[in-house]
Amino acid sequence: MAITRDDVVHVARLARLALREDEIERLQEQLNVILDALGKISGLDLANVPPTSHPLALTNVFAPDEPRPSLALEDALRNAPEREGDFFRVPAEG
């Protein structure tokens with residue numbers, strides 16, 4: 001199934017994108033390349049391949065949490081546009 005010029009124009013309109021003619025042509029070509037690649041994958045026998053969410057085996061790539069002193073209240077509120085006591089003053093929901 002190929003992406004047509006009309007498909008690109010339709011999706012651009014839905015996304016509220018103003019595309020020039022050269023951009024429409026380039027996107028049409030790029031999207032068709034992507035669909036071709038996906039078509040090749042669908043032709044593979046993947047019955048014995050477990051589902052994955054990432055190609056590399058990663059486990060918790062974050063640093064461990066370590067307690068440390070908090071930012072001083074005056075430092076935290078120093079650049080607040082408005083302040084009310086020890087709190088940021090923000091507009092009421094409306």
# chains A, B, ... in the order shown; residues from 1 in each chain; ligands from 1
call {"tool": "residues_around", "arguments": {"residues": "stretch 30-40 of chain A", "least_positions_apart": "6", "cutoff": "8 Å", "atoms": "only C-alpha atoms", "output": "MDAnalysis selection string"}}
result
chainID A and resid 1:3
call {"tool": "residues_around", "arguments": {"residues": "A:Leu77", "least_positions_apart": "4", "cutoff": "8 Å", "atoms": "only C-alpha atoms", "output": "PyMOL selection string"}}
result
chain A and resi 73+83+86-88
call {"tool": "select_by_dssp", "arguments": {"residues": "chain A", "states": "strand (DSSP E)", "output": "PyMOL selection string"}}
result
chain A and resi 83-84+87-88
call {"tool": "write_last_selection", "arguments": {"atoms": "all heavy atoms", "output": "mmCIF file, in the first residue's frame"}}
result
data_model
loop_
_atom_site.group_PDB
_atom_site.id
_atom_site.type_symbol
_atom_site.label_atom_id
_atom_site.label_comp_id
_atom_site.auth_asym_id
_atom_site.auth_seq_id
_atom_site.Cartn_x
_atom_site.Cartn_y
_atom_site.Cartn_z
ATOM 1 N N ARG A 83 5.132 35.857 45.104
ATOM 2 C CA ARG A 83 5.287 34.979 46.261
ATOM 3 C C ARG A 83 4.233 35.327 47.296
ATOM 4 O O ARG A 83 3.845 36.486 47.440
ATOM 5 C CB ARG A 83 6.692 35.212 46.791
ATOM 6 C CG ARG A 83 7.068 34.412 47.949
ATOM 7 C CD ARG A 83 8.512 34.696 48.295
ATOM 8 N NE ARG A 83 8.809 34.081 49.564
ATOM 9 C CZ ARG A 83 9.983 34.043 50.112
ATOM 10 N NH1 ARG A 83 10.999 34.616 49.506
ATOM 11 N NH2 ARG A 83 10.154 33.463 51.261
ATOM 12 N N GLU A 84 3.770 34.311 47.990
ATOM 13 C CA GLU A 84 2.829 34.526 49.089
ATOM 14 C C GLU A 84 3.350 33.747 50.283
ATOM 15 O O GLU A 84 3.181 32.522 50.357
ATOM 16 C CB GLU A 84 1.429 34.057 48.694
ATOM 17 C CG GLU A 84 0.371 34.458 49.690
ATOM 18 C CD GLU A 84 -1.026 34.191 49.147
ATOM 19 O OE1 GLU A 84 -1.326 34.623 48.020
ATOM 20 O OE2 GLU A 84 -1.793 33.545 49.869
ATOM 21 N N PHE A 87 5.320 30.331 49.733
ATOM 22 C CA PHE A 87 4.793 29.628 48.574
ATOM 23 C C PHE A 87 4.913 30.466 47.303
ATOM 24 O O PHE A 87 4.982 31.696 47.364
ATOM 25 C CB PHE A 87 3.305 29.272 48.786
ATOM 26 C CG PHE A 87 3.062 28.459 50.015
ATOM 27 C CD1 PHE A 87 2.623 29.060 51.185
ATOM 28 C CD2 PHE A 87 3.282 27.089 50.013
ATOM 29 C CE1 PHE A 87 2.410 28.324 52.330
ATOM 30 C CE2 PHE A 87 3.067 26.331 51.150
ATOM 31 C CZ PHE A 87 2.625 26.941 52.314
ATOM 32 N N PHE A 88 4.915 29.797 46.165
ATOM 33 C CA PHE A 88 4.789 30.484 44.880
ATOM 34 C C PHE A 88 3.354 30.954 44.754
ATOM 35 O O PHE A 88 2.414 30.218 45.081
ATOM 36 C CB PHE A 88 5.060 29.533 43.700
ATOM 37 C CG PHE A 88 6.499 29.166 43.535
ATOM 38 C CD1 PHE A 88 7.002 27.991 44.070
ATOM 39 C CD2 PHE A 88 7.368 29.986 42.832
ATOM 40 C CE1 PHE A 88 8.313 27.641 43.913
ATOM 41 C CE2 PHE A 88 8.695 29.647 42.668
ATOM 42 C CZ PHE A 88 9.182 28.475 43.205
#
call {"tool": "closest_residue", "arguments": {"among": "A:Arg78, A:Arg68, A:His10, A:Arg89", "to": "A:Gln28", "atoms": "only C-alpha atoms"}}
result
A:His10
call {"tool": "atom_distance", "arguments": {"atom1": "atom CA of A:Leu44", "atom2": "atom CA of A:Thr4"}}
result
26.0 Å
